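Below: work-v5.txt (compact mmCIF, C-alpha atoms)
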```txt
# COMPACT_ATOMS: atom_id res chain seq x y z
CA MET A 1 -122.14 17.52 -18.25
CA THR A 2 -120.04 18.86 -21.10
CA GLY A 3 -122.06 19.61 -24.20
CA ARG A 4 -125.44 19.53 -22.44
CA ARG A 5 -127.37 22.43 -20.97
CA GLY A 6 -129.30 22.17 -17.73
CA LYS A 7 -132.94 23.21 -17.87
CA HIS A 8 -134.94 24.34 -14.86
CA ILE A 9 -138.33 22.63 -14.89
CA LEU A 10 -141.13 24.59 -13.23
CA SER A 11 -143.53 22.63 -11.05
CA LYS A 12 -147.22 22.64 -11.89
CA ASP A 13 -147.87 25.13 -9.07
CA ASN A 14 -145.54 27.71 -10.59
CA VAL A 15 -148.15 29.09 -12.97
CA ASN A 16 -149.51 32.53 -13.75
CA ASN A 17 -152.62 33.23 -11.65
CA ASN A 18 -155.56 35.40 -12.66
CA ASN A 19 -153.90 38.54 -11.28
CA GLY A 20 -150.89 38.08 -13.53
CA SER A 21 -148.57 37.27 -10.61
CA TRP A 22 -146.61 34.09 -9.97
CA SER A 23 -147.69 31.81 -7.14
CA LYS A 24 -145.00 30.47 -4.80
CA SER A 25 -144.30 26.75 -4.31
CA VAL A 26 -141.68 24.63 -2.62
CA PRO A 27 -139.26 23.18 -5.26
CA THR A 28 -138.83 19.40 -5.40
CA PHE A 29 -135.99 17.16 -6.58
CA SER A 30 -137.70 16.92 -9.95
CA ASP A 31 -137.13 20.66 -10.30
CA LEU A 32 -133.33 20.27 -10.20
CA PRO A 33 -131.49 21.47 -13.31
CA THR A 34 -130.52 18.55 -15.53
CA CYS A 35 -126.79 19.29 -15.26
CA LEU A 36 -126.94 19.24 -11.44
CA LEU A 37 -129.05 16.08 -11.39
CA GLU A 38 -126.58 14.33 -13.68
CA LEU A 39 -123.68 15.39 -11.45
CA ILE A 40 -125.39 13.92 -8.36
CA LEU A 41 -126.33 10.65 -10.05
CA SER A 42 -122.83 10.20 -11.49
CA TYR A 43 -121.55 9.37 -7.98
CA LEU A 44 -123.87 6.37 -7.58
CA LEU A 45 -122.94 2.74 -8.03
CA LEU A 46 -124.65 0.89 -10.85
CA LYS A 47 -127.30 -0.74 -8.65
CA ASP A 48 -128.18 2.61 -7.00
CA ASN A 49 -128.20 4.31 -10.40
CA ILE A 50 -130.78 1.80 -11.64
CA ILE A 51 -132.95 2.34 -8.55
CA ALA A 52 -132.78 6.14 -8.97
CA SER A 53 -133.78 5.87 -12.63
CA ALA A 54 -137.21 4.59 -11.55
CA VAL A 55 -138.09 7.75 -9.57
CA CYS A 56 -139.44 9.73 -12.51
CA LYS A 57 -138.89 10.36 -16.21
CA ALA A 58 -136.38 13.16 -15.64
CA TRP A 59 -134.35 11.04 -13.22
CA GLY A 60 -134.48 8.05 -15.55
CA LYS A 61 -133.10 10.07 -18.45
CA ALA A 62 -130.33 11.59 -16.34
CA ALA A 63 -129.39 8.26 -14.71
CA GLU A 64 -129.14 6.54 -18.08
CA TYR A 65 -126.96 9.35 -19.44
CA VAL A 66 -124.32 9.03 -16.67
CA ARG A 67 -124.56 5.26 -16.17
CA VAL A 68 -121.15 3.59 -16.29
CA VAL A 69 -121.05 -0.13 -16.98
CA GLY A 70 -117.81 -2.03 -16.48
CA LYS A 71 -116.26 -3.84 -19.44
CA HIS A 72 -115.23 -7.45 -19.11
CA PRO A 73 -111.82 -8.76 -20.21
CA TRP A 74 -111.32 -11.55 -22.74
CA ILE A 75 -109.20 -14.69 -22.53
CA ILE A 76 -106.16 -14.79 -24.79
CA SER A 77 -104.53 -18.18 -25.44
CA ILE A 78 -100.89 -18.09 -26.51
CA PRO A 79 -99.58 -21.04 -28.56
CA PHE A 80 -96.45 -22.91 -27.63
CA CYS A 81 -95.50 -22.85 -31.30
CA GLY A 82 -96.92 -21.07 -34.31
CA SER A 83 -98.41 -17.57 -34.60
CA LEU A 84 -102.18 -18.16 -34.42
CA ILE A 85 -103.58 -16.95 -31.10
CA ASP A 86 -107.08 -17.46 -29.73
CA LEU A 87 -109.31 -14.81 -28.15
CA PHE A 88 -112.44 -15.82 -26.22
CA ASP A 89 -115.33 -13.59 -25.09
CA PRO A 90 -116.61 -15.25 -21.87
CA LEU A 91 -119.87 -13.32 -21.82
CA HIS A 92 -121.06 -14.13 -25.35
CA TRP A 93 -119.12 -17.42 -25.62
CA LYS A 94 -117.50 -16.48 -28.93
CA ARG A 95 -113.99 -17.44 -29.95
CA TYR A 96 -111.80 -15.58 -32.45
CA THR A 97 -108.36 -16.10 -33.94
CA LEU A 98 -105.69 -13.59 -34.84
CA ASN A 99 -102.47 -14.27 -36.74
CA LEU A 100 -99.50 -12.63 -34.98
CA PRO A 101 -96.13 -13.82 -36.32
CA GLN A 102 -94.33 -11.42 -33.94
CA MET A 103 -95.29 -13.69 -31.03
CA ALA A 104 -94.00 -16.94 -32.54
CA GLY A 105 -91.57 -18.73 -30.24
CA SER A 106 -92.32 -16.45 -27.27
CA PHE A 107 -93.92 -17.02 -23.87
CA VAL A 108 -96.36 -14.75 -22.08
CA CYS A 109 -95.46 -13.34 -18.65
CA TYR A 110 -98.05 -10.68 -17.81
CA SER A 111 -100.98 -8.65 -19.17
CA LYS A 112 -102.23 -5.16 -18.37
CA ASP A 113 -104.01 -2.32 -20.20
CA GLY A 114 -104.21 -4.31 -23.43
CA TRP A 115 -100.45 -5.00 -23.50
CA LEU A 116 -98.60 -8.29 -23.06
CA LEU A 117 -95.17 -8.70 -21.51
CA MET A 118 -93.44 -11.54 -23.38
CA ARG A 119 -90.12 -13.34 -23.15
CA ARG A 120 -88.10 -15.15 -25.76
CA SER A 121 -86.91 -18.74 -25.38
CA SER A 122 -84.24 -17.49 -23.00
CA PHE A 123 -85.29 -16.14 -19.60
CA VAL A 124 -83.57 -12.78 -19.99
CA GLU A 125 -85.00 -11.32 -23.24
CA LEU A 126 -88.27 -9.45 -22.62
CA PHE A 127 -90.49 -7.27 -24.78
CA PHE A 128 -93.89 -5.56 -24.68
CA PHE A 129 -96.41 -6.42 -27.36
CA ASN A 130 -99.87 -5.06 -28.12
CA PRO A 131 -101.83 -7.73 -30.06
CA TYR A 132 -104.35 -5.17 -31.33
CA THR A 133 -101.99 -2.46 -32.64
CA GLN A 134 -99.07 -4.91 -33.12
CA GLU A 135 -96.68 -2.43 -31.48
CA LEU A 136 -93.51 -4.02 -30.06
CA ILE A 137 -91.23 -2.44 -27.46
CA THR A 138 -88.06 -4.24 -26.37
CA LEU A 139 -86.53 -4.20 -22.90
CA PRO A 140 -82.85 -4.66 -22.06
CA LYS A 141 -81.71 -8.13 -21.07
CA CYS A 142 -82.47 -8.91 -17.45
CA ASN A 143 -79.40 -9.86 -15.42
CA ILE A 144 -81.31 -12.11 -12.98
CA HIS A 145 -83.31 -15.27 -13.52
CA ILE A 146 -87.00 -14.28 -13.75
CA GLN A 147 -89.60 -16.15 -11.74
CA LYS A 148 -92.26 -13.43 -11.84
CA VAL A 149 -92.45 -10.19 -13.82
CA ALA A 150 -95.06 -7.42 -14.05
CA PHE A 151 -95.52 -3.80 -15.12
CA SER A 152 -97.51 -0.88 -13.76
CA SER A 153 -99.20 0.59 -16.86
CA ALA A 154 -99.06 0.64 -20.64
CA PRO A 155 -95.43 1.11 -21.80
CA THR A 156 -96.58 4.06 -23.91
CA SER A 157 -98.03 5.89 -20.88
CA GLY A 158 -94.76 7.52 -19.84
CA THR A 159 -95.14 6.24 -16.26
CA CYS A 160 -94.58 2.54 -16.85
CA VAL A 161 -92.23 0.62 -14.55
CA SER A 162 -91.44 -3.09 -14.83
CA VAL A 163 -90.32 -5.33 -11.98
CA SER A 164 -88.96 -8.88 -11.95
CA LEU A 165 -88.86 -11.18 -8.92
CA ASN A 166 -86.56 -14.09 -8.15
CA PHE A 167 -86.28 -16.14 -4.96
CA ALA A 168 -82.79 -17.37 -5.75
CA LEU A 169 -82.26 -18.36 -2.14
CA GLN A 170 -84.86 -19.32 0.44
CA TYR A 171 -84.28 -16.23 2.56
CA ARG A 172 -83.39 -13.70 -0.13
CA LEU A 173 -85.50 -11.96 -2.75
CA SER A 174 -83.94 -10.36 -5.85
CA ILE A 175 -85.97 -7.59 -7.54
CA GLY A 176 -85.16 -5.98 -10.86
CA ILE A 177 -86.53 -2.58 -11.96
CA CYS A 178 -86.67 -1.32 -15.55
CA TYR A 179 -88.26 1.50 -17.52
CA PRO A 180 -88.99 1.60 -21.27
CA GLY A 181 -85.99 3.19 -22.97
CA ALA A 182 -83.58 2.16 -20.22
CA THR A 183 -80.36 0.39 -21.19
CA GLU A 184 -80.19 -1.92 -18.17
CA TRP A 185 -82.14 -3.27 -15.20
CA ILE A 186 -81.56 -2.05 -11.67
CA THR A 187 -81.08 -5.04 -9.33
CA LEU A 188 -81.91 -4.97 -5.62
CA GLU A 189 -81.37 -7.66 -2.96
CA PHE A 190 -83.67 -8.03 0.07
CA PRO A 191 -82.93 -10.56 2.83
CA PHE A 192 -85.73 -11.76 5.12
CA SER A 193 -86.08 -14.38 7.85
CA LEU A 194 -89.43 -16.01 7.08
CA ASP A 195 -89.62 -19.54 5.74
CA PHE A 196 -92.15 -20.29 2.98
CA ASP A 197 -92.82 -22.43 -0.06
CA PRO A 198 -91.73 -20.37 -3.13
CA PHE A 199 -93.68 -22.66 -5.45
CA MET A 200 -97.08 -21.72 -3.96
CA HIS A 201 -97.25 -18.16 -5.25
CA SER A 202 -99.67 -15.73 -6.84
CA ASN A 203 -99.43 -13.41 -9.80
CA VAL A 204 -98.02 -9.91 -9.20
CA VAL A 205 -100.46 -6.99 -8.78
CA TYR A 206 -99.84 -3.25 -9.09
CA ALA A 207 -101.96 -0.99 -6.85
CA ASN A 208 -101.51 2.44 -5.25
CA GLY A 209 -98.01 2.80 -6.68
CA HIS A 210 -96.82 -0.51 -5.20
CA PHE A 211 -96.31 -4.07 -6.47
CA PHE A 212 -97.84 -6.85 -4.38
CA TYR A 213 -97.04 -10.55 -4.39
CA PHE A 214 -98.46 -13.34 -2.21
CA THR A 215 -96.66 -16.60 -1.48
CA GLY A 216 -96.82 -19.15 1.32
CA GLY A 217 -98.97 -16.99 3.59
CA ILE A 218 -96.75 -13.91 3.09
CA LEU A 219 -97.75 -10.71 1.29
CA PHE A 220 -94.78 -8.79 -0.15
CA ASP A 221 -95.22 -5.05 -0.78
CA PHE A 222 -92.59 -3.39 -2.99
CA ASP A 223 -92.45 0.38 -3.57
CA PRO A 224 -90.42 1.07 -6.76
CA ALA A 225 -90.22 4.81 -6.01
CA SER A 226 -88.45 4.40 -2.65
CA ARG A 227 -87.07 0.94 -3.56
CA THR A 228 -88.25 -0.50 -0.26
CA LEU A 229 -89.80 -3.89 0.50
CA ILE A 230 -92.05 -4.82 3.42
CA HIS A 231 -93.88 -8.06 4.10
CA GLN A 232 -96.60 -9.37 6.37
CA ALA A 233 -97.22 -13.01 7.29
CA TRP A 234 -100.39 -14.88 8.20
CA ASP A 235 -101.09 -18.40 9.39
CA GLU A 236 -99.93 -20.47 6.42
CA SER A 237 -102.35 -23.29 7.25
CA LEU A 238 -105.23 -21.03 6.19
CA TYR A 239 -103.84 -20.64 2.67
CA GLN A 240 -102.78 -24.12 1.60
CA ALA A 241 -103.90 -24.41 -2.02
CA LYS A 242 -102.42 -25.45 -5.30
CA ASN A 243 -103.18 -22.16 -7.05
CA VAL A 244 -103.25 -18.67 -5.56
CA TYR A 245 -104.55 -15.58 -7.38
CA LEU A 246 -104.12 -11.96 -6.30
CA MET A 247 -106.12 -9.04 -7.72
CA GLU A 248 -107.06 -5.45 -6.88
CA GLN A 249 -110.07 -3.20 -7.33
CA LYS A 250 -109.72 0.53 -6.65
CA GLY A 251 -106.71 -0.09 -4.44
CA GLU A 252 -108.26 -2.93 -2.42
CA LEU A 253 -106.61 -6.36 -2.55
CA PHE A 254 -108.46 -9.66 -3.07
CA LEU A 255 -107.07 -13.17 -2.84
CA MET A 256 -108.48 -16.40 -4.27
CA HIS A 257 -107.36 -19.96 -3.54
CA SER A 258 -108.14 -22.77 -5.92
CA SER A 259 -107.67 -26.53 -5.77
CA ARG A 260 -109.43 -29.57 -7.14
CA SER A 261 -110.52 -30.88 -3.74
CA VAL A 262 -111.66 -27.59 -2.18
CA THR A 263 -114.18 -25.03 -3.40
CA GLN A 264 -112.69 -21.71 -4.46
CA MET A 265 -112.19 -19.37 -1.48
CA VAL A 266 -112.16 -15.59 -1.94
CA TYR A 267 -110.72 -13.17 0.63
CA LYS A 268 -110.50 -9.40 0.93
CA LEU A 269 -107.71 -7.62 2.79
CA VAL A 270 -109.34 -5.44 5.46
CA SER A 271 -107.21 -3.71 8.11
CA SER A 272 -104.31 -6.15 7.67
CA LYS A 273 -106.65 -9.15 7.93
CA TRP A 274 -107.89 -11.46 5.17
CA GLU A 275 -111.68 -11.68 5.49
CA GLU A 276 -113.50 -14.44 3.64
CA ILE A 277 -116.13 -13.36 1.11
CA SER A 278 -119.02 -15.72 1.65
CA SER A 279 -122.01 -14.17 -0.10
CA ALA A 280 -123.11 -12.11 -3.08
CA THR A 281 -123.89 -9.27 -0.67
CA THR A 282 -120.23 -9.15 0.36
CA LEU A 283 -119.12 -9.12 -3.27
CA ASP A 284 -121.57 -6.26 -3.90
CA GLY A 285 -121.41 -6.48 -7.68
CA LEU A 286 -117.73 -7.46 -7.90
CA THR A 287 -116.50 -9.83 -10.61
CA ILE A 288 -113.18 -11.65 -10.27
CA PHE A 289 -111.18 -12.73 -13.33
CA ALA A 290 -108.33 -15.05 -12.34
CA SER A 291 -105.51 -16.67 -14.31
CA ARG A 292 -101.96 -17.77 -13.70
CA PHE A 293 -100.20 -14.66 -15.03
CA SER A 294 -102.81 -11.91 -14.70
CA SER A 295 -105.87 -11.51 -12.49
CA ASP A 296 -108.34 -8.65 -12.20
CA ALA A 297 -111.40 -7.56 -10.22
CA ARG A 298 -114.05 -5.25 -11.67
CA MET A 299 -117.28 -3.67 -10.50
CA ASP A 300 -120.68 -3.64 -12.21
CA VAL A 301 -119.98 -5.83 -15.22
CA LEU A 302 -123.46 -6.51 -16.57
CA GLY A 303 -124.29 -10.18 -16.95
CA MET A 304 -121.25 -11.19 -14.86
CA ARG A 305 -121.80 -9.60 -11.42
CA ASN A 306 -121.04 -11.56 -8.22
CA ARG A 307 -119.09 -14.21 -10.10
CA VAL A 308 -115.62 -15.67 -10.21
CA TYR A 309 -114.15 -16.49 -13.64
CA LEU A 310 -111.09 -18.71 -13.96
CA ALA A 311 -109.18 -18.99 -17.25
CA LYS A 312 -107.69 -22.44 -17.58
CA TYR A 313 -105.45 -24.23 -20.04
CA SER A 314 -106.17 -27.69 -21.36
CA SER A 315 -104.05 -29.70 -23.79
CA ASP A 316 -106.89 -30.02 -26.31
CA SER A 317 -109.40 -27.28 -25.47
CA MET A 318 -109.85 -23.74 -24.23
CA GLN A 319 -111.64 -23.68 -20.85
CA CYS A 320 -113.22 -20.99 -18.69
CA GLU A 321 -114.77 -21.89 -15.34
CA PHE A 322 -117.17 -19.51 -13.67
CA TYR A 323 -118.69 -19.64 -10.22
CA SER A 324 -121.75 -17.76 -8.94
CA PHE A 325 -122.54 -16.81 -5.36
CA ARG A 326 -125.89 -18.05 -4.07
CA GLU A 327 -127.17 -18.63 -0.55
CA GLY A 328 -123.87 -17.59 0.95
CA ARG A 329 -121.63 -19.96 -0.98
CA LEU A 330 -119.93 -20.47 -4.32
CA LEU A 331 -121.82 -22.90 -6.53
CA ARG A 332 -120.16 -25.67 -8.50
CA PRO A 333 -118.67 -24.18 -11.63
CA LEU A 334 -120.02 -24.10 -15.12
CA ILE A 335 -117.21 -24.96 -17.53
CA VAL A 336 -117.27 -23.38 -20.99
CA SER A 337 -114.90 -25.13 -23.38
CA GLN A 338 -114.12 -25.43 -27.06
CA ARG A 339 -111.80 -27.96 -28.65
CA LEU A 340 -108.75 -26.54 -30.35
CA ASP A 341 -107.88 -27.39 -33.92
CA GLU A 342 -104.23 -27.90 -33.00
CA PRO A 343 -103.67 -28.87 -29.34
CA ASN A 344 -100.49 -26.91 -28.72
CA PHE A 345 -101.62 -23.91 -26.64
CA PHE A 346 -99.27 -23.07 -23.81
CA GLU A 347 -101.12 -20.61 -21.56
CA SER A 348 -104.32 -18.61 -21.19
CA LEU A 349 -104.73 -15.29 -19.39
CA TRP A 350 -106.99 -12.24 -19.27
CA ILE A 351 -106.55 -9.21 -21.52
CA GLU A 352 -108.53 -6.07 -22.31
CA PRO A 353 -111.10 -6.61 -25.10
CA PRO A 354 -110.31 -5.36 -28.62
CA PRO A 355 -110.94 -1.61 -29.02
CA CYS A 356 -112.57 -2.15 -32.41
CA MET A 357 -113.35 -5.43 -34.14
CA ASP A 358 -113.71 -3.90 -37.61
CA VAL A 359 -110.11 -2.81 -38.09
CA LEU A 360 -108.50 -6.07 -36.98
CA ASP A 361 -108.04 -9.31 -38.86
CA PHE A 362 -110.29 -11.31 -36.53
CA LYS A 363 -111.81 -14.58 -37.63
CA LEU A 364 -114.73 -16.13 -35.78
CA ARG A 365 -114.05 -19.75 -34.88
CA LYS A 366 -116.71 -22.21 -36.02
CA GLY A 367 -118.33 -24.58 -33.57
CA LYS A 368 -120.37 -24.08 -30.43
CA ALA A 369 -119.04 -23.84 -26.93
CA LYS A 370 -119.71 -26.81 -24.68
CA VAL A 371 -121.12 -26.07 -21.22
CA THR A 372 -120.86 -28.61 -18.41
CA ILE A 373 -121.39 -28.56 -14.64
CA ALA A 374 -118.48 -29.79 -12.55
CA LEU A 375 -119.35 -32.69 -10.22
```
Serialized structure, structure tokens:
Amino acid sequence: MTGRRGKHILSKDNVNNNNGSWSKSVPTFSDLPTCLLELILSYLLLKDNIIASAVCKAWGKAAEYVRVVGKHPWIISIPFCGSLIDLFDPLHWKRYTLNLPQMAGSFVCYSKDGWLLMRRSSFVELFFFNPYTQELITLPKCNIHIQKVAFSSAPTSGTCVSVSLNFALQYRLSIGICYPGATEWITLEFPFSLDFDPFMHSNVVYANGHFFYFTGGILFDFDPASRTLIHQAWDESLYQAKNVYLMEQKGELFLMHSSRSVTQMVYKLVSSKWEEISSATTLDGLTIFASRFSSDARMDVLGMRNRVYLAKYSSDSMQCEFYSFREGRLLRPLIVSQRLDEPNFFESLWIEPPPCMDVLDFKLRKGKAKVTIAL
């Protein structure tokens, strides 16, 4: 590791004998230089890292030094009117407010890397906004009606690309492409022959250089570099649900279906087949964060492993449902909620946590969160 020197630890048999010569012994894993041991342990998953840390003192110190723990996102609630937004930490059940007049009169469309993609009252005026740095980057007016919109990375990264989707006709998909600094959107038309319900759709996900979108049993795969679109269909009867959420983790796609009458179902795309995740062993430390406009999946989030979190909007309260896997099934959810002072919030979605609480004008909301078990 940078900034640390490896030390070779001699075993107890490598001592000076009475003749002044060194006795020979077979080296063990505890004799590994610290830098090499840290390199090896850095490749382990969190659960294996914890197991390795119990081998000996040297291993414990090295494992702790390279241990990587995933961070959990927060819920941001955007008001329909006004400039006071809410931020909720689902792990510690704390709620904060932040006054952002730049967002007044705007609607949220997507979230990624701590940035929000917003639109004005019209459907064609879009802009990026970072609620923590309060940076604002405008996009040119979109020349197609926007049903779904997403972006690949932070607009300040230099590699950001935005896409908009519109099923104007039942058998035709319009896709717009735009880059920060561009003066106009590039519009593409893609005809296809499959019939589906355009109102049962997921959020858009960016993975492996492609944008993915699931609707009516069909997964659309758009490559902005080659400007090509492919799609694959499955039996639609397997995916009848009111709400559909799509997320990715290290390039792998996950799908969750949610409805009031049916328990949440989670699937993983494996070799062009959606396989149901039915146990904590299958999740293997994965945590799913789902919402209407942005969903995410993360590994090894302490205190939140093998769970599904769902950010929900209520007319008079902020709600977060979370489900735990036990005995091969998802348990009934615990619902964490807090009543809002002014019941006018429009939407809730996931966003990266604040980089530093001290430099921002955060205010901790008074009142305790209410926890209930859904029946």
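CA of Lys112 in chain A to CA of Ile351 in chain A spans 6.7 Å [interatomic distance, one decimal].
Atom to atom, CA of Asp86 in chain A and CA of Gln102 in chain A stand 14.7 Å apart.
Checking A:Pro353, A:Pro73, A:Pro155, A:Gly82 one by one against Phe127 in chain A, counting all atoms listed in the file, you find the shortest gap at A:Pro155.
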_Selection near Phe88 in chain A, 6 Å with only C-alpha atoms, sequence-local residues under 3 positions removed, as a count of residues only_ = 4
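Rounded to one decimal, CA of Asp113 in chain A and CA of Thr282 in chain A lie 27.1 Å from each other.
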*For Trp59 in chain A, the nearest of the candidates A:Ile85, A:Asp31, A:Arg292, A:Pro140, counting only C-alpha atoms*: A:Asp31
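Residues lying within 7 Å of range 250-259 of chain A, counting all atoms listed in the file and ignoring same-chain neighbours fewer than 6 positions away, are Ala207, Asn208, Ala241, Lys242, Asn243, Val244, Met265, Val266, Tyr267, Lys268 and Leu269 of chain A.
Within 10 Å of Met103 in chain A, once only C-alpha atoms are used and residues closer than 4 positions along the same chain are dropped, the contacting residues are Ile78, Pro79, Phe80, Cys81, Gly82, Ser83, Leu84, Ile85, Asn99, Phe107, Val108, Met118, Arg119, Arg120, Phe129, Pro131, Gln134 and Leu136 of chain A.
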Give me the range 247-295 of chain A side of the contact with range 222-233 of chain A, cut-off 12 Å, one line per residue showing its nearest atom pair and distance in Å at one decimal, counting all atoms listed in the file, sorted by chain and residue number, as a tab-separated table.
```
residue	atom	partner	partner_atom	distance
A:Leu269	CA	A:Gln232	CA	11.8
A:Ser272	CA	A:Gln232	CA	8.5
A:Lys273	CA	A:Gln232	CA	10.2
A:Trp274	CA	A:Ala233	CA	11.0
```
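Shortest atom-to-atom contact with Ser77 in chain A among A:Cys356, A:Cys35, A:Glu347, A:Ile144: A:Glu347, counting all atoms listed in the file.
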*Name the residues within 10 Å of (-94.0, 3.0, -15.2), counting all atoms listed in the file in the file's coordinates, and put them as JSON, numbers by chain.*
{"A": [151, 152, 153, 154, 155, 156, 157, 158, 159, 160, 161, 162, 163, 177, 178, 179, 180, 209, 224]}
*Mind checking which residues fall within 7 Å of Phe289 in chain A, counting all atoms listed in the file, ignoring those fewer than 5 positions away in the same chain, and posting them as a PyMOL selection string?*
chain A and resi 295-297+308-310
Next, write the just-selected residues to a file, as a compact mmCIF listing (two decimals), in the coordinates of the input, keeping C-alpha atoms as the atom set.
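part_3.txt written:
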```txt
# COMPACT_ATOMS: atom_id res chain seq x y z
CA SER A 295 -105.87 -11.51 -12.49
CA ASP A 296 -108.34 -8.65 -12.20
CA ALA A 297 -111.40 -7.56 -10.22
CA VAL A 308 -115.62 -15.67 -10.21
CA TYR A 309 -114.15 -16.49 -13.64
CA LEU A 310 -111.09 -18.71 -13.96
```
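If you measure from each of A:Ile40, A:Ala150, A:Ile76, A:Leu87 to Ala63 in chain A using only C-alpha atoms, the closest one turns out to be A:Ile40.
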